[in-house]
Structures are given as structure tokens and as C-alpha cells.
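> Input structure: final-v2.cif, which contains mmCIF, C-alpha atoms.
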```cif
data_work
loop_
_atom_site.label_atom_id
_atom_site.label_comp_id
_atom_site.auth_asym_id
_atom_site.auth_seq_id
_atom_site.Cartn_x
_atom_site.Cartn_y
_atom_site.Cartn_z
CA MET A 159 7.82 28.35 -4.90
CA ASN A 160 5.73 25.98 -7.01
CA VAL A 161 4.13 23.16 -5.06
CA LEU A 162 2.54 20.17 -6.77
CA VAL A 163 0.06 18.32 -4.56
CA VAL A 164 -0.64 14.87 -6.01
CA ASP A 165 -3.99 13.30 -5.12
CA GLY A 166 -3.04 9.63 -5.07
CA SER A 167 -6.54 8.18 -5.23
CA ARG A 168 -8.90 7.47 -8.13
CA ARG A 169 -11.83 6.78 -5.83
CA PRO A 170 -14.74 9.18 -6.39
CA LYS A 171 -15.45 11.49 -3.44
CA SER A 172 -12.34 10.24 -1.67
CA ASN A 173 -10.90 11.24 1.68
CA THR A 174 -7.56 11.58 -0.07
CA GLY A 175 -9.09 14.24 -2.28
CA ALA A 176 -10.50 16.00 0.77
CA VAL A 177 -7.08 16.07 2.44
CA ALA A 178 -5.30 17.13 -0.74
CA ARG A 179 -7.77 19.95 -1.44
CA ASP A 180 -7.52 21.20 2.12
CA LEU A 181 -3.72 21.18 2.01
CA THR A 182 -3.63 22.90 -1.39
CA ALA A 183 -5.87 25.67 -0.09
CA ARG A 184 -3.72 26.12 3.01
CA LEU A 185 -0.56 26.27 0.89
CA ALA A 186 -2.11 28.95 -1.30
CA ALA A 187 -3.07 30.88 1.82
CA ASP A 188 0.54 30.59 2.99
CA GLY A 189 1.71 32.20 -0.24
CA ALA A 190 2.81 29.15 -2.23
CA ALA A 191 1.82 28.61 -5.85
CA ALA A 192 0.06 25.33 -5.16
CA GLU A 193 -1.43 23.10 -7.82
CA LEU A 194 -3.54 20.00 -7.22
CA TRP A 195 -3.23 17.11 -9.66
CA ARG A 196 -4.85 13.68 -9.54
CA VAL A 197 -3.04 10.45 -10.30
CA PRO A 198 -4.09 9.13 -13.75
CA LYS A 199 -6.39 6.15 -14.05
CA TRP A 200 -4.81 2.76 -14.74
CA SER A 201 -5.86 2.70 -18.39
CA ALA A 202 -4.30 6.09 -19.15
CA GLY A 203 -1.56 5.84 -21.73
CA SER A 204 1.96 7.21 -21.84
CA GLU A 205 0.49 10.69 -22.34
CA ALA A 206 -0.46 10.62 -18.68
CA THR A 207 3.17 9.99 -17.73
CA ASP A 208 4.19 12.78 -20.11
CA GLU A 209 1.88 15.07 -18.19
CA ALA A 210 3.18 13.84 -14.84
CA LEU A 211 6.76 14.50 -15.88
CA ALA A 212 5.88 17.98 -17.14
CA ARG A 213 4.17 18.85 -13.87
CA LEU A 214 7.03 17.43 -11.81
CA ALA A 215 9.55 19.36 -13.88
CA ALA A 216 7.70 22.57 -13.04
CA ALA A 217 7.51 21.84 -9.31
CA ASP A 218 9.94 22.93 -6.64
CA VAL A 219 8.09 20.85 -4.10
CA VAL A 220 5.96 17.71 -4.46
CA VAL A 221 3.50 16.45 -1.85
CA LEU A 222 2.04 13.00 -2.45
CA VAL A 223 -1.22 12.35 -0.61
CA ALA A 224 -2.44 8.78 -0.79
CA PRO A 225 -4.71 6.29 0.96
CA SER A 226 -3.40 3.05 2.42
CA TYR A 227 -4.75 -0.01 0.66
CA LEU A 228 -3.57 -2.96 2.74
CA ASP A 229 -0.83 -0.79 4.18
CA GLU A 230 0.49 0.44 0.84
CA LEU A 231 -0.08 2.84 -2.02
CA PRO A 232 -2.98 1.96 -4.33
CA ALA A 233 -1.84 0.19 -7.48
CA VAL A 234 -2.51 3.22 -9.69
CA THR A 235 -0.27 5.40 -7.53
CA GLN A 236 2.47 2.78 -7.30
CA ARG A 237 2.42 2.54 -11.10
CA LEU A 238 2.77 6.29 -11.48
CA LEU A 239 5.88 6.22 -9.28
CA GLU A 240 7.32 3.33 -11.29
CA GLU A 241 6.69 5.07 -14.61
CA VAL A 242 8.21 8.33 -13.39
CA TRP A 243 11.25 6.40 -12.14
CA GLU A 244 11.59 4.56 -15.47
CA ARG A 245 11.75 7.93 -17.23
CA ARG A 246 13.80 9.68 -14.56
CA ALA A 247 16.42 10.68 -17.13
CA GLU A 248 13.92 13.21 -18.47
CA LEU A 249 14.04 14.94 -15.08
CA ALA A 250 17.82 14.81 -14.79
CA GLY A 251 19.14 17.72 -12.80
CA HIS A 252 15.74 18.50 -11.34
CA ALA A 253 15.29 17.52 -7.70
CA PRO A 254 12.14 18.82 -6.01
CA LEU A 255 11.61 18.49 -2.29
CA PHE A 256 9.33 15.53 -1.62
CA TYR A 257 6.80 15.06 1.19
CA GLY A 258 4.44 12.13 1.80
CA ILE A 259 1.02 11.97 3.45
CA ALA A 260 -0.73 8.64 3.98
CA HIS A 261 -4.09 7.94 5.59
CA SER A 262 -6.38 5.04 6.37
CA GLY A 263 -9.31 4.10 8.53
CA PHE A 264 -7.26 2.20 11.08
CA PRO A 265 -6.02 4.28 14.00
CA GLU A 266 -2.55 2.79 14.68
CA PRO A 267 0.39 4.65 13.05
CA VAL A 268 2.11 1.35 12.18
CA GLN A 269 -0.60 0.79 9.58
CA ARG A 270 0.84 3.65 7.43
CA ARG A 271 4.54 2.93 8.07
CA ALA A 272 5.22 0.72 5.04
CA GLU A 273 3.56 3.17 2.67
CA LEU A 274 5.49 6.15 3.99
CA ARG A 275 8.69 4.13 3.67
CA THR A 276 7.82 3.41 0.03
CA MET A 277 7.36 7.12 -0.60
CA GLN A 278 10.73 7.80 1.03
CA LEU A 279 12.54 5.13 -0.99
CA PHE A 280 10.99 6.48 -4.19
CA ALA A 281 12.27 9.96 -3.37
CA VAL A 282 15.73 8.63 -2.62
CA GLU A 283 15.83 6.55 -5.80
CA MET A 284 14.84 9.63 -7.78
CA GLY A 285 17.62 11.63 -6.16
CA TRP A 286 15.08 13.95 -4.59
CA ARG A 287 15.25 15.24 -1.05
CA TRP A 288 12.91 13.44 1.34
CA MET A 289 11.36 16.00 3.65
CA GLY A 290 9.32 13.66 5.79
CA GLY A 291 6.17 11.63 5.84
CA ILE A 292 3.08 11.85 7.98
CA GLY A 293 0.21 9.43 8.44
CA PHE A 294 -3.35 9.90 9.63
CA GLY A 295 -5.61 7.15 10.96
CA GLY A 296 -9.34 6.89 11.48
CA THR A 297 -10.19 8.83 8.35
CA SER A 298 -13.04 6.61 7.09
CA PRO A 299 -15.88 8.60 8.73
CA ILE A 300 -14.81 11.75 6.86
CA ASP A 301 -16.51 10.18 3.84
CA GLY A 302 -15.08 12.61 1.33
CA ARG A 303 -16.48 15.70 3.03
CA PRO A 304 -14.48 18.92 3.31
CA LEU A 305 -12.44 18.57 6.48
CA ASP A 306 -14.13 21.50 8.22
CA GLU A 307 -17.48 19.73 7.78
CA ALA A 308 -16.33 16.38 9.17
CA GLY A 309 -16.47 17.28 12.84
CA MET A 310 -14.45 15.28 15.34
CA PHE A 311 -13.26 12.79 12.70
CA SER A 312 -11.09 15.38 10.98
CA ARG A 313 -9.88 16.95 14.21
CA GLN A 314 -6.31 15.61 14.02
CA LEU A 315 -6.07 16.57 10.36
CA ARG A 316 -7.29 20.10 11.04
CA LYS A 317 -4.71 20.46 13.79
CA ALA A 318 -1.76 18.99 11.90
CA LEU A 319 -2.32 20.18 8.33
CA PRO A 320 -1.70 23.87 9.10
CA LEU A 321 1.70 22.85 10.48
CA VAL A 322 2.35 20.66 7.44
CA ALA A 323 1.38 23.49 5.09
CA ALA A 324 3.66 25.91 6.89
CA ASP A 325 6.58 23.46 6.69
CA VAL A 326 5.97 22.76 3.00
CA ALA A 327 5.59 26.43 2.09
CA ALA A 328 8.85 27.22 3.91
CA GLY A 329 10.69 24.22 2.41
CA ARG A 330 11.36 22.77 5.87
CA GLU A 331 11.33 19.15 6.97
CA LEU A 332 8.05 18.15 8.60
CA SER A 333 7.99 19.24 12.20
CA PRO A 334 7.90 16.65 14.99
CA GLU A 335 4.84 18.42 16.37
CA ALA A 336 2.90 17.81 13.15
CA VAL A 337 3.85 14.13 13.25
CA ARG A 338 2.93 13.90 16.93
CA LEU A 339 -0.51 15.38 16.27
CA SER A 340 -1.08 13.04 13.34
CA GLU A 341 -0.45 9.94 15.40
CA LYS A 342 -3.29 10.58 17.84
CA SER A 343 -6.48 8.67 17.15
CA PRO A 344 -9.44 10.91 16.26
CA PHE A 345 -11.86 8.53 17.94
CA PRO A 346 -13.17 9.67 21.32
CA LEU A 347 -13.59 6.14 22.69
CA PRO A 348 -11.16 3.45 23.88
CA ARG A 349 -10.50 0.95 21.11
CA GLY A 350 -12.53 -1.88 22.65
CA MET A 351 -15.62 0.31 23.06
CA LEU A 352 -15.16 1.75 19.59
CA ILE A 353 -15.04 -1.71 18.01
CA ALA A 354 -18.11 -2.86 19.94
CA LEU A 355 -20.04 0.23 18.85
CA ILE A 356 -19.10 0.04 15.16
CA ASN A 357 -19.68 -3.71 14.97
CA SER A 358 -23.07 -3.35 16.65
CA ARG A 359 -24.14 -0.75 14.08
CA THR A 360 -22.80 -2.82 11.21
CA ARG A 361 -24.63 -5.95 12.37
CA LYS A 362 -27.86 -4.00 12.80
CA ALA A 363 -27.57 -2.57 9.28
CA ALA A 364 -26.87 -6.04 7.91
CA ARG A 365 -29.89 -7.54 9.67
CA GLY A 366 -32.07 -4.80 8.18
CA LYS A 367 -30.90 -5.79 4.70
CA ARG A 368 -30.90 -9.53 5.47
CA LEU A 369 -27.21 -9.77 4.64
CA ASP A 370 -24.88 -12.51 5.82
CA LEU A 371 -21.76 -10.53 6.67
CA ALA A 372 -19.64 -13.68 7.02
CA ALA A 373 -20.69 -15.28 3.70
CA ARG A 374 -17.90 -17.44 2.26
CA VAL A 375 -18.66 -16.78 -1.36
CA TYR A 376 -15.46 -18.20 -2.78
CA ALA A 377 -15.10 -21.27 -0.56
CA PRO A 378 -14.83 -24.62 -2.34
CA ASP A 379 -18.18 -26.43 -2.73
CA MET B 141 13.74 -21.90 -9.16
CA LEU B 142 10.75 -21.08 -6.97
CA LEU B 143 8.39 -23.27 -8.98
CA ASP B 144 10.93 -26.09 -8.91
CA LEU B 145 11.29 -25.83 -5.13
CA LEU B 146 7.56 -25.88 -4.63
CA ALA B 147 7.01 -28.77 -7.02
CA GLY B 148 9.88 -30.66 -5.40
CA GLY B 149 8.28 -30.04 -2.03
CA GLY B 150 5.12 -31.75 -3.14
CA TYR B 151 3.05 -28.70 -3.96
CA GLU B 152 0.77 -28.69 -6.95
CA VAL B 153 1.32 -25.20 -8.27
CA GLU B 154 -1.21 -22.94 -9.96
CA ALA B 155 0.56 -19.83 -11.22
CA VAL B 156 -1.07 -16.50 -12.09
CA ASP B 157 0.91 -14.00 -14.13
CA CYS B 158 -0.28 -10.59 -12.99
CA LEU B 159 0.91 -9.05 -16.26
CA ASP B 160 -1.49 -11.22 -18.23
CA ALA B 161 -4.37 -11.51 -15.76
CA GLY B 162 -7.41 -9.45 -16.59
CA VAL B 163 -7.72 -7.67 -13.26
CA ILE B 164 -8.88 -4.10 -13.01
CA PRO B 165 -7.85 -1.87 -10.08
CA CYS B 166 -9.99 -1.78 -6.95
CA THR B 167 -12.26 1.25 -7.03
CA GLY B 168 -12.88 1.16 -3.28
CA CYS B 169 -16.63 0.87 -3.93
CA GLY B 170 -17.15 -0.97 -0.65
CA SER B 171 -19.67 -3.42 -2.13
CA CYS B 172 -17.79 -6.44 -0.78
CA GLY B 173 -18.45 -5.09 2.71
CA MET B 174 -22.09 -4.10 3.02
CA ARG B 175 -23.80 -4.64 -0.35
CA THR B 176 -22.68 -8.11 -1.41
CA PRO B 177 -20.68 -9.25 1.65
CA GLY B 178 -17.63 -11.25 0.67
CA ALA B 179 -18.25 -10.94 -3.08
CA CYS B 180 -16.47 -8.54 -5.39
CA VAL B 181 -18.91 -7.04 -7.87
CA VAL B 182 -16.22 -6.70 -10.53
CA LYS B 183 -16.49 -9.80 -12.69
CA ASP B 184 -12.97 -10.21 -13.99
CA ASP B 185 -10.17 -12.73 -13.51
CA MET B 186 -10.07 -12.01 -9.76
CA GLN B 187 -13.14 -14.24 -9.37
CA GLY B 188 -11.04 -17.27 -10.26
CA ILE B 189 -8.08 -16.00 -8.25
CA TYR B 190 -10.25 -15.71 -5.12
CA ARG B 191 -11.44 -19.31 -5.49
CA ALA B 192 -7.94 -20.64 -6.07
CA LEU B 193 -6.56 -18.61 -3.18
CA VAL B 194 -9.02 -19.76 -0.52
CA ALA B 195 -8.64 -23.39 -1.64
CA SER B 196 -4.83 -23.39 -1.49
CA ASP B 197 -2.37 -24.45 1.20
CA LEU B 198 0.20 -21.78 0.39
CA LEU B 199 -0.07 -18.35 -1.21
CA VAL B 200 3.15 -17.19 -2.84
CA ILE B 201 3.41 -13.66 -4.15
CA ALA B 202 6.53 -13.04 -6.16
CA THR B 203 7.43 -9.59 -7.39
CA PRO B 204 10.19 -7.28 -8.37
CA VAL B 205 10.63 -4.95 -5.40
CA ARG B 206 9.87 -1.35 -6.26
CA PHE B 207 10.79 1.21 -3.59
CA GLY B 208 10.37 -1.51 -0.97
CA SER B 209 6.93 -2.44 -2.22
CA TYR B 210 5.25 -4.80 -4.66
CA CYS B 211 5.29 -3.88 -8.31
CA ALA B 212 2.11 -2.13 -9.41
CA GLN B 213 0.86 -5.10 -11.43
CA LEU B 214 0.89 -7.30 -8.34
CA LYS B 215 -0.46 -4.52 -6.14
CA LYS B 216 -3.47 -4.37 -8.43
CA VAL B 217 -4.27 -7.94 -7.34
CA VAL B 218 -3.44 -7.36 -3.65
CA ASP B 219 -5.71 -4.30 -3.59
CA ARG B 220 -8.57 -6.62 -4.47
CA PHE B 221 -8.11 -8.79 -1.33
CA GLN B 222 -10.75 -6.85 0.60
CA PRO B 223 -13.55 -9.43 0.05
CA LEU B 224 -11.41 -11.90 2.01
CA MET B 225 -12.26 -9.90 5.12
CA VAL B 226 -15.52 -9.50 7.05
CA PRO B 227 -16.57 -5.86 7.63
CA LEU B 228 -16.44 -6.29 11.38
CA TYR B 229 -13.50 -5.10 13.44
CA THR B 230 -11.31 -7.01 15.83
CA VAL B 231 -7.95 -6.54 17.53
CA ARG B 232 -5.02 -8.48 16.07
CA ASP B 233 -1.40 -7.97 17.10
CA ASP B 234 -2.65 -5.07 19.25
CA GLU B 235 -4.02 -3.33 16.16
CA MET B 236 -7.52 -2.77 14.83
CA HIS B 237 -8.27 -4.94 11.80
CA PHE B 238 -11.10 -6.50 9.86
CA ARG B 239 -11.97 -10.04 10.80
CA GLY B 240 -10.88 -12.84 8.53
CA ARG B 241 -13.53 -14.53 6.37
CA TYR B 242 -11.60 -17.70 5.55
CA ASP B 243 -8.81 -19.78 6.99
CA LEU B 244 -6.38 -18.39 4.47
CA PRO B 245 -3.23 -20.19 3.37
CA ALA B 246 0.15 -19.25 4.76
CA LEU B 247 1.78 -16.39 2.86
CA LEU B 248 5.22 -16.47 1.28
CA GLY B 249 6.41 -13.18 -0.15
CA VAL B 250 9.26 -13.36 -2.62
CA GLY B 251 10.89 -10.10 -3.67
CA LEU B 252 13.51 -9.60 -6.33
CA VAL B 253 15.53 -6.49 -5.52
CA ARG B 254 17.42 -4.57 -8.18
CA GLU B 255 21.10 -4.98 -7.53
CA SER B 256 22.41 -2.58 -10.15
CA GLU B 257 21.66 1.04 -10.94
CA GLY B 258 20.95 0.93 -14.62
CA GLU B 259 19.54 -1.25 -17.35
CA ASP B 260 23.07 -2.07 -18.44
CA GLY B 261 23.63 -3.76 -15.09
CA GLY B 262 26.53 -1.51 -14.22
CA GLY B 263 27.23 -0.50 -10.65
CA THR B 264 26.05 -2.03 -7.41
CA ARG B 265 23.44 -0.22 -5.37
CA ALA B 266 25.38 0.65 -2.28
CA ALA B 267 23.62 1.62 0.92
CA GLY B 268 23.02 5.35 1.04
CA PRO B 269 23.34 7.62 4.05
CA ASP B 270 19.58 8.07 4.00
CA GLY B 271 18.78 4.38 4.37
CA SER B 272 18.49 3.63 0.67
CA GLY B 273 19.94 0.82 -1.40
CA ALA B 274 19.17 -2.83 -2.07
CA ALA B 275 19.38 -3.89 1.59
CA ALA B 276 16.95 -1.17 2.61
CA GLU B 277 14.49 -2.20 -0.08
CA ALA B 278 14.74 -5.84 0.99
CA ALA B 279 14.09 -4.89 4.62
CA ALA B 280 11.11 -2.74 3.62
CA PHE B 281 9.70 -5.60 1.56
CA ARG B 282 10.01 -8.09 4.41
CA PHE B 283 8.23 -5.66 6.70
CA LEU B 284 5.49 -5.22 4.11
CA ILE B 285 4.87 -8.95 3.81
CA GLY B 286 4.47 -9.09 7.57
CA ARG B 287 1.95 -6.28 7.34
CA LEU B 288 -0.05 -8.05 4.63
CA ALA B 289 -0.08 -11.23 6.72
CA THR B 290 -1.43 -9.29 9.70
CA ASN B 291 -4.08 -7.69 7.50
CA ILE B 292 -5.36 -10.95 6.05
CA GLU B 293 -4.66 -12.95 9.22
CA THR B 294 -2.29 -15.68 8.16
CA PRO B 295 1.21 -16.97 9.02
CA HIS B 296 3.91 -15.60 6.77
CA ALA B 297 7.51 -15.65 5.66
CA ALA B 298 9.39 -13.44 3.28
CA ALA B 299 12.40 -13.88 1.04
CA ALA B 300 14.04 -10.91 -0.62
CA PHE B 301 17.25 -11.03 -2.60
CA ALA B 302 19.10 -9.47 -5.49
CA GLY B 303 18.80 -11.15 -8.83
CA GLY B 304 22.41 -12.01 -9.58
CA ASP B 305 23.18 -14.50 -6.82
CA GLU B 306 21.32 -17.72 -7.54
CA ALA B 307 22.80 -19.67 -4.62
CA ALA B 308 21.86 -16.98 -2.13
CA ALA B 309 18.38 -16.80 -3.61
CA ARG B 310 17.92 -20.56 -3.24
CA THR B 311 19.13 -20.47 0.36
CA GLU B 312 16.75 -17.65 1.20
CA LEU B 313 13.81 -19.36 -0.45
CA GLU B 314 14.51 -22.62 1.39
CA ARG B 315 14.80 -20.74 4.67
CA ALA B 316 11.49 -19.01 4.08
CA LEU B 317 9.74 -22.24 3.14
CA ALA B 318 11.16 -23.88 6.23
CA THR B 319 9.73 -21.08 8.34
CA LEU B 320 6.31 -21.94 7.01
CA GLY B 321 6.65 -25.60 7.86
CA ALA B 322 7.48 -26.80 4.37
CA VAL B 323 10.94 -27.82 5.58
CA ASP B 324 10.42 -31.57 5.48
CA ALA B 325 9.23 -31.56 1.93
CA VAL B 326 12.03 -29.29 0.72
CA ALA B 327 14.71 -31.14 2.67
CA GLY B 328 13.41 -34.43 1.34
CA GLU B 329 13.61 -33.14 -2.21
CA ALA B 330 17.16 -31.91 -1.70
CA SER B 331 18.47 -35.16 -0.21
#
```
Show me, as C-alpha cells, the structure contained in the file I just sent.

Amino acid sequence: MNVLVVDGSRRPKSNTGAVARDLTARLAADGAAAELWRVPKWSAGSEATDEALARLAAADVVVLVAPSYLDELPAVTQRLLEEVWERRAELAGHAPLFYGIAHSGFPEPVQRRAELRTMQLFAVEMGWRWMGGIGFGGTSPIDGRPLDEAGMFSRQLRKALPLVAADVAAGRELSPEAVRLSEKSPFPLPRGMLIALINSRTRKAARGKRLDLAARVYAPD
Amino acid sequence: MLLDLLAGGGYEVEAVDCLDAGVIPCTGCGSCGMRTPGACVVKDDMQGIYRALVASDLLVIATPVRFGSYCAQLKKVVDRFQPLMVPLYTVRDDEMHFRGRYDLPALLGVGLVRESEGEDGGGTRAAGPDGSGAAAEAAAFRFLIGRLATNIETPHAAAAFAGGDEAAARTELERALATLGAVDAVAGEAS
């Protein structure tokens, strides 16, 4: 079984990359032929779509891992989906299984819901089989580190990703247990205390740099 | 039609075509948070868009709906909205969010859903057993506009319709504008 894991972020040292690399390694350990591929930059030409189509044509399974930018796929990733869909005739008769993984810094699962729905609708429009989507919150403190070096902040990911990898490698729909684990906040504090703590640190850092955090740079004169 | 409705409602409209705008994708550098708070370090056409946006009474984003979402060209602009927020957290709608930096204008999302399967216009996109089809995309788009409004902390309304039915599109746009309090102006124009 050939699995294509798509890293849907162009950000250097991204948490998306950390998740995608971890999942790819777990898939390989589970016996799948897993390949990691990064979404092309915006300025890439049609050759990048050629490459995407070739990789998709060779895949039995596709896993898209992407950050949530304002609750949705980053523009570069959305454009890749649109370009693949525009040229879907070149993949006629080929229907890989499709899984989606979204993540963001905000803990509530609703903040990944629109993005996972977009992934699902893309799969359906392509005529591919949607195998389920899973979202992780509170990922900001991972800061691009390998998940096993990110301590408590990658705890939910380290619990859920082995289940995700096992489902993907077996060609099964994502298990409810994996989804349940993903929806737990990784933060050890109640939300109100967490916000007070983070804001206090942010304000202290800003004072040290003499920054006005609330500057209204673009307000009319 | 949209521009006519807005102009008829008394709005002075400044339009930005995302296909032509020189806007590069957000790199997620984080500068607008803790290096140059509130300012994007990328000096492209977004600088003017930010100024126009915060000075406006109504923000309209109009897009072809792609898999329930904005088209990528518009998403490139939306991704750059981060400087509109302060890097301090708050709770809004029982969710954790960044605080707003400005009193932003109300948001109207307008989505044009594909109604046919192919470029030749043949075939209507019927609802699929897996929740697909034009109605599903419209519902996903309306949900997304609500999410964007929560993120940037502003009132919102959404209109989503297939391209072939002009009367239905007008009705939906008028309904959405009415939701945002533009009803008097629009009704006055129509009478």
C-alpha cells in the first residue's frame, strides 16, 4: 500500500511538518510504503501540479496534514486542491482513500471543523473515498519540534497518531477513539487560568521590548 | 448585482480584485504579533487593503465557493488578516480567540456555488449520499463566514447561491444585507 502524506504548510519549521513527519515514520513502522511530500509554494508553476498529479496517481492512500489559518486551509494548500480538481480528468479511474488532519493553536475542536469539512468536500468532488478527518488543538507550543521532544504539548498527538497510523495503514476509517483523543485539550490548566498565564507572559515580554501590543497601525489618521 | 445593491443602498464601494492584487501568501512569520505589533512586515498591496478595511462600514468578501471554502486567491488575502488581532487571548462565543485590534466593519460573505458538474454547464449537482453537492457547499460556506466573523470579532451575514438563478441570488443578497442592518437603504432603493 502506497501512502502519500501531504505536508500542507509552507512555513519553515512548522508544526504541520512535525506532525506529518511523525505520521510518516509511524506508517513506515506499520509496514506501509509512506512518502512525505510538501505542498508547493504559491509561485510554483504548472510543473508543481504535474508533480502533484503524478504522486497522487501513485498513491493508494492520501493523508493531508494542514494547519488552520482562520479556521481554514492555508491559501497555498487550497490552491493545490483547486488545481488538482481542475485537472481531475488526468486521474480518471484512480480513487485513493483520503484522510484529513488539521491543527491549530486554539483548543476547541470547532475551530478545525470548517477545514475538515473542506477536505471532505474535496475528496467527494474528486470521487475519492473520505476516510475521516481529525483535528488537534493547542499545537502552537510544539514550535516545530519533533513530537517526542515537545513534552506535554504533544501529548494528545502522541496518543492519537499511533491509532491514526494503524487505521491508515489498514485502510480503515478513522477510529472514534482516535478522534476522541484528538479533541482533548493538551493544556493542563482550565481555560481562564491558561489565558491569564499566557497573556501575563506576553505582556511582560512586550514591556521588555517596549512594544505597544494594541497599536492601531492601520487606523485612519 | 452586488455592487449595484450596495451603491443603491448608499454605500460608496471600493472593490479589490484578488486576482489582480499584489498580495503574497502569509508566511506565518508572527511579526505582526510580537515584533511589529499590528503591522505586517510584508510591504505589498495588503497595506492599502488593511487601511481600507479598518476605515469601512461593511466588508464584503465575494468568492466562488470551492469545496465549501473561499477560492485560494481570496484565501490569500484572508490569511493576511492576522495583524487585525492583538496577540492576547480572550474568550469569545465560549472559545479561545485573539482579541480584536479595531472595531471592524460588519462582514458579508457572498459565495457563488457551482451548480453544474462540468465546464459545459451540463448536469445539476445533486446532493450526494455523503453530504456533497451544491447545497452542502453552500451550507459549509455559510458556516465558514460565521467562523471568520468570530475570529475577527464582527457581526456577519452570508449569502450563498448557484450562479444560474439571478432572482434567487438577488433575494439572498437582500436578505443578507437586511440581516446586517442595511435593510432600510436597500428597501428604499427598491421602492
> At a cut-off of 7 Å, can you tabulate as CSV every residue of chain A near chain B together with its closest atom pair and the distance in Å to one decimal, using all atoms listed in the file and ordering rows by chain then number?

```
residue,atom,partner,partner_atom,distance
A:Arg169,CA,B:Thr167,CA,5.7
A:Tyr227,CA,B:Asp219,CA,6.1
A:Leu228,CA,B:Leu288,CA,6.5
A:Asp229,CA,B:Arg287,CA,6.9
A:Pro232,CA,B:Asp219,CA,6.9
A:Ala233,CA,B:Lys216,CA,4.9
A:Gln236,CA,B:Ala212,CA,5.4
A:Arg237,CA,B:Ala212,CA,5.0
A:Phe264,CA,B:Met236,CA,6.2
A:Glu266,CA,B:Glu235,CA,6.5
A:Ala272,CA,B:Leu284,CA,6.0
A:Thr276,CA,B:Phe207,CA,5.2
A:Leu279,CA,B:Phe207,CA,5.0
A:Phe280,CA,B:Phe207,CA,5.3
A:Val282,CA,B:Ser272,CA,6.6
A:Ile353,CA,B:Tyr229,CA,5.9
A:Asn357,CA,B:Leu228,CA,5.5
A:Asp370,CA,B:Pro177,CA,6.8
A:Leu371,CA,B:Pro177,CA,5.3
A:Ala372,CA,B:Val226,CA,5.9
A:Ala373,CA,B:Gly178,CA,5.9
A:Arg374,CA,B:Gly178,CA,6.4
A:Val375,CA,B:Gly178,CA,6.0
A:Tyr376,CA,B:Arg191,CA,5.0
A:Ala377,CA,B:Val194,CA,6.3
A:Pro378,CA,B:Ala195,CA,6.3
```
> Would you write out, as JSON lines, a table of all residues in stretch 207-310 of chain A that have an atom no more than 8 Å from an atom of stretch 172-175 of chain A, listing for each the closest atom pair and the distance in Å to one decimal, considering all atoms listed in the file and ordering rows by chain and rising residue number?

```
{"residue": "A:Val223", "atom": "CA", "partner": "A:Thr174", "partner_atom": "CA", "distance": 6.4}
{"residue": "A:Ala224", "atom": "CA", "partner": "A:Thr174", "partner_atom": "CA", "distance": 5.9}
{"residue": "A:Pro225", "atom": "CA", "partner": "A:Thr174", "partner_atom": "CA", "distance": 6.1}
{"residue": "A:His261", "atom": "CA", "partner": "A:Thr174", "partner_atom": "CA", "distance": 7.6}
{"residue": "A:Thr297", "atom": "CA", "partner": "A:Asn173", "partner_atom": "CA", "distance": 7.1}
{"residue": "A:Ser298", "atom": "CA", "partner": "A:Asn173", "partner_atom": "CA", "distance": 7.4}
{"residue": "A:Ile300", "atom": "CA", "partner": "A:Asn173", "partner_atom": "CA", "distance": 6.5}
{"residue": "A:Asp301", "atom": "CA", "partner": "A:Asn173", "partner_atom": "CA", "distance": 6.1}
{"residue": "A:Gly302", "atom": "CA", "partner": "A:Asn173", "partner_atom": "CA", "distance": 4.4}
{"residue": "A:Arg303", "atom": "CA", "partner": "A:Asn173", "partner_atom": "CA", "distance": 7.3}
```
> Do you know which residues the PyMOL selection byres ((chain A and resi 294) around 9) returns on this file, as number ranges by chain?
A: 259-267, 270, 292-293, 295-297, 314-315, 340-343
> Can you measure atom CA of A:Thr182 to atom CA of A:Leu332 for me? One decimal in Å is fine.
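Rounded to one decimal, the two atoms are 16.1 Å apart.
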> So how far away is atom CA of A:Phe256 from atom CA of A:Leu222, in Å?
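One can read the atom CA of A:Leu222 to atom CA of A:Phe256 distance as 7.8 Å.
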> Could you work out an axis-aligned bounding box for all listed atoms of stretch 222-231 of chain B, with 8 Å added on each of the six sides, and give its centre and edge lengths in Å to one decimal, as JSON?

```
{"center_x": -12.3, "center_y": -8.5, "center_z": 8.8, "size_x": 24.6, "size_y": 22.8, "size_z": 33.5}
```
> Using the chain letters and residue numbers of this document, give as a list of chain:residue names the residues selected by the PyMOL selection byres ((chain B and resi 313) around 10).
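Evaluating the PyMOL selection byres ((chain B and resi 313) around 10) on these coordinates yields B:Met141, B:Leu142, B:Leu145, B:Leu146, B:Leu248, B:Gly249, B:Val250, B:Ala297, B:Ala298, B:Ala299, B:Ala300, B:Phe301, B:Ala307, B:Ala308, B:Ala309, B:Arg310, B:Thr311, B:Glu312, B:Glu314, B:Arg315, B:Ala316, B:Leu317, B:Ala318, B:Thr319.
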> Given the file shown, determine the residues that the PyMOL selection byres ((chain A and resi 245) around 12) selects; report them as a list in words.
Ser204, Thr207, Asp208, Ala210, Leu211, Ala212, Leu214, Leu238, Leu239, Glu240, Glu241, Val242, Trp243, Glu244, Arg246, Ala247, Glu248, Leu249, Ala250 and Met284 of chain A; Gly258 of chain B
> Please, what distance in Å, to one decimal, runs between atom CA of A:Arg184 and atom CA of A:Lys317?
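Calculated distance between atom CA of A:Arg184 and atom CA of A:Lys317 is 12.2 Å.
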> If we count all atoms listed in the file and set the cut-off at 8 Å, which residues sit around A:Pro198, ignoring sequence neighbours fewer than 3 positions away in its own chain? Please answer as a PyMOL selection string.
chain A and resi 168+202+206+234+238
> Have a look at A:Gly290, A:Pro299, A:Pro346, A:Pro254 and name the one nearest to A:Arg213; count only C-alpha atoms.
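Ranked by minimum distance to A:Arg213, first place goes to A:Pro254.
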